[in-house]
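Remarks on the structure that follows.
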Amino acid sequence: MQDGQGSNSRTAATSCDILGSMAGFPSNDAEDPPVHRTPQAGLLVVEDDADHRETLRDILEEEGYRVTTAVNGRDALTRIAAGPLPDLILLDLMMPEMDGWTLMEKLSAREGFASIPIIVTSQVGNRVPQSASTRYISKPLDRTRLLQTISSCLWRRSLANLPNRFLRVLVVDDSMIGTTIARLLAWDHDVVTVPSGKVALGRIAAGDRYDAILCDLHLPDMKGLDLRAALPSDQAARLVLMTGSAVDPETAATLDRSGARWIDKPFTMEELRSLIQMLVGEETERPGATSTA
């Protein structure tokens with residue numbers, strides 16, 4: 001990482017860098033999430049195909065989960081409203097009466113329901129917006145990946161109830177690299193991804209605040225340095241510019257003069273997570289510093 005405080009050390013690339021992690025990346029489960037068993041958690045399987053529904057029930061009950069099933073979105077909504085709330089929902093998208101898209105909209109609009117983790121299991125689910133509480137696994141399902149993703153989502157939800165909150169990260173990048181970074185960070189951070197500086201500024205102007213802002217050096221609508229200059233001071237201090245490759249001496253000199261932090265691609269996810277933690281640590285060490293939560 002580079003910054004305006006005279007540091008000359010650059011982030012070292014390794015064989016497991018973020019560019020290498022992109023190979024064959026189909027969804028947000030390219031990096032194995034941590035495995036944490038949550039016995040007796042209640043799962044709701046929403047699936048109109050009877051054979052698939054019962055197969056999922058058998059697999060999950062073998063793992064010790066309490067399983068309830070629903071044949072479509074309307075049936076699921078009725079069961080959720082009647083309680084108790086499921087700890088996680090496995091959701092097909094293409095269903096009669098009420099499809100998975102509509103069910104997600106209705107859940108997100110109701111207080112207490114929006115925080116239920118959802119794993120979309122579908123052949124078309126890759127169009128589902130990824131968030132801290134939504135995952136996607138393509139059909140046909142891989143049993144190991146399914147169980148691993150369920151355990152990770154339940155683990156994340158359990159941590160969300162602890163005093164140590166997930167850090168909020170804004171990724172400003174219109175490339176596949178930015179999407180990959182966001183998806184990999186989403187296992188242990190609350191991540192928002194936007195494709196341009198204008199959208200990022202709009203969210204922050206509306207009141208959003210982030211613990212870290214990872215921004216590509218060259219955005220489609222402005223330069224990363226221009227975005228930094230337009231940010232409120234508390235958010236500008238949280239911004240790290242990501243270069244597309246090793247920068248030329250003139251660009252490096254410009255970045256150093258600006259006082260901006262920057263990191264060369266490729267970099268490892270471990271280095272990126274450490275950088276985010278460092279930003280948060282620096283902020284809390286300042287006199288009078290407050291949380292961005």
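Every chain in the structure tokens takes a letter, A first, then B, and so on in the order presented; its residues are numbered from 1, and the ligands are numbered from 1 following the presented order.
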Please return, as a PyMOL selection string, all residues of range 20-259 of chain A that DSSP assigns to alpha helix (DSSP H) on the basis of the backbone. chain A and resi 50-62+73-82+100-108+143-160+176-185+197-205+224-230+233-236+249-258
Output C-alpha atoms for every residue in that selection, as a PDB file, in the first residue's frame.
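In the end it all went to part.pdb:
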```pdb
ATOM      1  CA  ALA A  50     -41.628 -32.193  -5.193  1.00  0.00           C
ATOM      2  CA  ASP A  51     -38.688 -34.536  -5.826  1.00  0.00           C
ATOM      3  CA  HIS A  52     -36.124 -31.772  -5.449  1.00  0.00           C
ATOM      4  CA  ARG A  53     -37.890 -30.444  -2.353  1.00  0.00           C
ATOM      5  CA  GLU A  54     -37.866 -33.807  -0.608  1.00  0.00           C
ATOM      6  CA  THR A  55     -34.269 -34.520  -1.602  1.00  0.00           C
ATOM      7  CA  LEU A  56     -33.196 -31.241  -0.008  1.00  0.00           C
ATOM      8  CA  ARG A  57     -35.198 -32.047   3.101  1.00  0.00           C
ATOM      9  CA  ASP A  58     -33.486 -35.442   3.444  1.00  0.00           C
ATOM     10  CA  ILE A  59     -29.995 -33.963   2.986  1.00  0.00           C
ATOM     11  CA  LEU A  60     -30.554 -31.164   5.476  1.00  0.00           C
ATOM     12  CA  GLU A  61     -32.208 -33.308   8.116  1.00  0.00           C
ATOM     13  CA  GLU A  62     -29.277 -35.720   7.908  1.00  0.00           C
ATOM     14  CA  GLY A  73     -43.600 -18.030  -2.576  1.00  0.00           C
ATOM     15  CA  ARG A  74     -47.148 -17.508  -1.332  1.00  0.00           C
ATOM     16  CA  ASP A  75     -47.017 -20.672   0.769  1.00  0.00           C
ATOM     17  CA  ALA A  76     -43.618 -19.602   2.136  1.00  0.00           C
ATOM     18  CA  LEU A  77     -44.829 -16.129   3.069  1.00  0.00           C
ATOM     19  CA  THR A  78     -47.757 -17.636   4.977  1.00  0.00           C
ATOM     20  CA  ARG A  79     -45.475 -19.985   6.899  1.00  0.00           C
ATOM     21  CA  ILE A  80     -42.968 -17.224   7.699  1.00  0.00           C
ATOM     22  CA  ALA A  81     -45.705 -14.887   8.930  1.00  0.00           C
ATOM     23  CA  ALA A  82     -47.147 -17.612  11.156  1.00  0.00           C
ATOM     24  CA  GLY A 100     -38.862 -16.292  -5.795  1.00  0.00           C
ATOM     25  CA  TRP A 101     -38.262 -12.749  -7.031  1.00  0.00           C
ATOM     26  CA  THR A 102     -41.616 -11.595  -5.639  1.00  0.00           C
ATOM     27  CA  LEU A 103     -41.063 -13.375  -2.336  1.00  0.00           C
ATOM     28  CA  MET A 104     -37.693 -11.646  -1.869  1.00  0.00           C
ATOM     29  CA  GLU A 105     -39.309  -8.252  -2.568  1.00  0.00           C
ATOM     30  CA  LYS A 106     -42.026  -8.874   0.000  1.00  0.00           C
ATOM     31  CA  LEU A 107     -39.580 -10.096   2.625  1.00  0.00           C
ATOM     32  CA  SER A 108     -37.264  -7.120   2.121  1.00  0.00           C
ATOM     33  CA  ARG A 143     -24.003 -31.115  -1.830  1.00  0.00           C
ATOM     34  CA  THR A 144     -20.681 -30.008  -0.348  1.00  0.00           C
ATOM     35  CA  ARG A 145     -21.017 -26.459  -1.664  1.00  0.00           C
ATOM     36  CA  LEU A 146     -24.628 -26.261  -0.486  1.00  0.00           C
ATOM     37  CA  LEU A 147     -23.833 -27.339   3.082  1.00  0.00           C
ATOM     38  CA  GLN A 148     -20.770 -25.125   3.208  1.00  0.00           C
ATOM     39  CA  THR A 149     -22.731 -22.066   2.085  1.00  0.00           C
ATOM     40  CA  ILE A 150     -25.551 -22.744   4.546  1.00  0.00           C
ATOM     41  CA  SER A 151     -23.112 -23.012   7.451  1.00  0.00           C
ATOM     42  CA  SER A 152     -21.328 -19.827   6.405  1.00  0.00           C
ATOM     43  CA  CYS A 153     -24.586 -17.842   6.151  1.00  0.00           C
ATOM     44  CA  LEU A 154     -25.717 -19.043   9.558  1.00  0.00           C
ATOM     45  CA  TRP A 155     -22.316 -18.191  11.011  1.00  0.00           C
ATOM     46  CA  ARG A 156     -22.499 -14.681   9.557  1.00  0.00           C
ATOM     47  CA  ARG A 157     -25.950 -14.182  11.001  1.00  0.00           C
ATOM     48  CA  SER A 158     -24.790 -15.285  14.455  1.00  0.00           C
ATOM     49  CA  LEU A 159     -21.903 -12.809  14.322  1.00  0.00           C
ATOM     50  CA  ALA A 160     -24.246 -10.010  13.275  1.00  0.00           C
ATOM     51  CA  MET A 176     -15.047  -8.008 -13.219  1.00  0.00           C
ATOM     52  CA  ILE A 177     -12.109  -7.555 -10.852  1.00  0.00           C
ATOM     53  CA  GLY A 178     -14.179  -5.190  -8.721  1.00  0.00           C
ATOM     54  CA  THR A 179     -17.081  -7.640  -8.716  1.00  0.00           C
ATOM     55  CA  THR A 180     -14.756 -10.452  -7.673  1.00  0.00           C
ATOM     56  CA  ILE A 181     -13.239  -8.403  -4.865  1.00  0.00           C
ATOM     57  CA  ALA A 182     -16.701  -7.533  -3.575  1.00  0.00           C
ATOM     58  CA  ARG A 183     -17.903 -11.128  -3.633  1.00  0.00           C
ATOM     59  CA  LEU A 184     -14.858 -12.456  -1.832  1.00  0.00           C
ATOM     60  CA  LEU A 185     -15.022  -9.743   0.834  1.00  0.00           C
ATOM     61  CA  GLY A 197     -17.903   7.644  -8.993  1.00  0.00           C
ATOM     62  CA  LYS A 198     -21.199   9.448  -9.525  1.00  0.00           C
ATOM     63  CA  VAL A 199     -23.178   6.587  -7.980  1.00  0.00           C
ATOM     64  CA  ALA A 200     -20.736   6.402  -5.066  1.00  0.00           C
ATOM     65  CA  LEU A 201     -21.074  10.127  -4.400  1.00  0.00           C
ATOM     66  CA  GLY A 202     -24.852   9.839  -4.557  1.00  0.00           C
ATOM     67  CA  ARG A 203     -24.958   7.119  -1.914  1.00  0.00           C
ATOM     68  CA  ILE A 204     -22.639   9.027   0.411  1.00  0.00           C
ATOM     69  CA  ALA A 205     -24.534  12.291  -0.132  1.00  0.00           C
ATOM     70  CA  GLY A 224     -10.295   7.986  -8.589  1.00  0.00           C
ATOM     71  CA  LEU A 225      -8.447  11.039  -7.325  1.00  0.00           C
ATOM     72  CA  ASP A 226     -11.359  13.244  -8.398  1.00  0.00           C
ATOM     73  CA  LEU A 227     -13.726  11.067  -6.409  1.00  0.00           C
ATOM     74  CA  ARG A 228     -11.482  11.372  -3.381  1.00  0.00           C
ATOM     75  CA  ALA A 229     -11.454  15.156  -3.686  1.00  0.00           C
ATOM     76  CA  ALA A 230     -15.259  15.234  -3.837  1.00  0.00           C
ATOM     77  CA  SER A 233     -13.277  14.337   4.745  1.00  0.00           C
ATOM     78  CA  ASP A 234     -14.335  11.423   6.941  1.00  0.00           C
ATOM     79  CA  GLN A 235     -14.912   9.247   3.879  1.00  0.00           C
ATOM     80  CA  ALA A 236     -11.904  10.501   1.904  1.00  0.00           C
ATOM     81  CA  PRO A 249       6.623   6.902 -12.259  1.00  0.00           C
ATOM     82  CA  GLU A 250       4.631  10.017 -13.199  1.00  0.00           C
ATOM     83  CA  THR A 251       1.336   8.567 -11.956  1.00  0.00           C
ATOM     84  CA  ALA A 252       3.022   7.273  -8.802  1.00  0.00           C
ATOM     85  CA  ALA A 253       4.403  10.744  -8.121  1.00  0.00           C
ATOM     86  CA  THR A 254       0.936  12.251  -8.595  1.00  0.00           C
ATOM     87  CA  LEU A 255      -0.558   9.767  -6.161  1.00  0.00           C
ATOM     88  CA  ASP A 256       2.156  10.422  -3.596  1.00  0.00           C
ATOM     89  CA  ARG A 257       1.658  14.187  -3.830  1.00  0.00           C
ATOM     90  CA  SER A 258      -2.087  13.771  -3.353  1.00  0.00           C
TER      91      SER A 258
END
```
Contacts of range 112-125 of chain A at 8 Å or less, counting only C-alpha atoms, minus same-chain residues fewer than 3 places along, as a compact mmCIF listing (two decimals) with C-alpha atoms, in the first residue's frame?
```txt
# COMPACT_ATOMS: atom_id res chain seq x y z
CA PRO A 86 -36.62 -19.58 9.83
CA ASP A 87 -32.92 -19.07 10.40
CA LEU A 88 -32.33 -19.37 6.65
CA ILE A 89 -34.34 -19.78 3.44
CA LEU A 90 -33.41 -21.97 0.46
CA LEU A 91 -35.30 -20.42 -2.43
CA ASP A 92 -36.10 -21.49 -5.98
CA LEU A 93 -36.95 -18.65 -8.35
CA MET A 94 -39.25 -20.13 -11.00
CA LEU A 107 -39.58 -10.10 2.62
CA SER A 108 -37.26 -7.12 2.12
CA ALA A 109 -40.19 -4.74 2.65
CA VAL A 128 -29.79 -12.01 -8.08
CA SER A 133 -27.76 -11.83 3.41
CA THR A 134 -28.22 -13.30 -0.10
CA ARG A 135 -26.24 -16.06 -1.76
CA TYR A 136 -26.67 -17.93 -5.04
CA ILE A 137 -25.88 -21.54 -5.91
CA SER A 138 -26.63 -22.82 -9.40
CA LYS A 139 -28.56 -26.00 -10.10
CA PRO A 140 -27.80 -28.85 -10.20
CA LEU A 141 -26.66 -28.42 -6.63
CA ILE A 150 -25.55 -22.74 4.55
CA CYS A 153 -24.59 -17.84 6.15
CA LEU A 154 -25.72 -19.04 9.56
CA ARG A 157 -25.95 -14.18 11.00
```
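You can rank A:Val71, A:Leu217, A:Leu85, A:Val171 by their closest distance to Leu43 in chain A using only C-alpha atoms, and at the top of that list sits A:Leu85.
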Going by DSSP on the backbone, which bits of range 81-233 of chain A are strand (DSSP E)? Write them as a PyMOL selection string, please. chain A and resi 88-91+118-122+134-138+168-172+190-194+212-216
With C-alpha atoms retained, write the just-selected residues as a short mmCIF file (atom, residue, chain, number, x, y, z; two decimals), in the first residue's frame.
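The result, written out as selection.cif:
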```cif
data_model
loop_
_atom_site.label_atom_id
_atom_site.label_comp_id
_atom_site.auth_asym_id
_atom_site.auth_seq_id
_atom_site.Cartn_x
_atom_site.Cartn_y
_atom_site.Cartn_z
CA LEU A 88 -32.33 -19.37 6.65
CA ILE A 89 -34.34 -19.78 3.44
CA LEU A 90 -33.41 -21.97 0.46
CA LEU A 91 -35.30 -20.42 -2.43
CA ILE A 118 -31.52 -16.41 1.62
CA ILE A 119 -29.72 -18.90 -0.59
CA VAL A 120 -31.14 -18.85 -4.10
CA THR A 121 -30.95 -22.27 -5.76
CA SER A 122 -31.74 -21.82 -9.43
CA THR A 134 -28.22 -13.30 -0.10
CA ARG A 135 -26.24 -16.06 -1.76
CA TYR A 136 -26.67 -17.93 -5.04
CA ILE A 137 -25.88 -21.54 -5.91
CA SER A 138 -26.63 -22.82 -9.40
CA ARG A 168 -19.00 -1.76 5.74
CA VAL A 169 -17.02 -1.65 2.50
CA LEU A 170 -17.83 0.27 -0.69
CA VAL A 171 -16.22 -1.06 -3.88
CA VAL A 172 -16.20 1.47 -6.73
CA ASP A 190 -21.01 -5.94 4.49
CA VAL A 191 -20.15 -4.95 0.93
CA VAL A 192 -21.78 -2.54 -1.52
CA THR A 193 -20.61 -2.40 -5.13
CA VAL A 194 -21.18 0.56 -7.49
CA ALA A 212 -13.40 1.46 3.79
CA ILE A 213 -13.83 2.59 0.18
CA LEU A 214 -11.93 0.61 -2.47
CA CYS A 215 -11.87 2.56 -5.71
CA ASP A 216 -10.38 1.84 -9.13
#
```
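Candidate residues A:Leu279, A:Thr243, A:Ala70, A:Ser274 were compared for distance to Trp262 in chain A, and the nearest is A:Thr243, using only C-alpha atoms.
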If I take CA of Ala41 in chain A and CA of Arg66 in chain A, how far is one from the other in Å, to one decimal? 6.0 Å
Of the listed residues A:Val46, A:Leu275, A:Ile263, A:Ala186, that which approaches Thr68 in chain A most closely, counting only C-alpha atoms: A:Val46
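Across the model, the gap from CA of Ser175 in chain A to CA of Gly207 in chain A is 25.5 Å.
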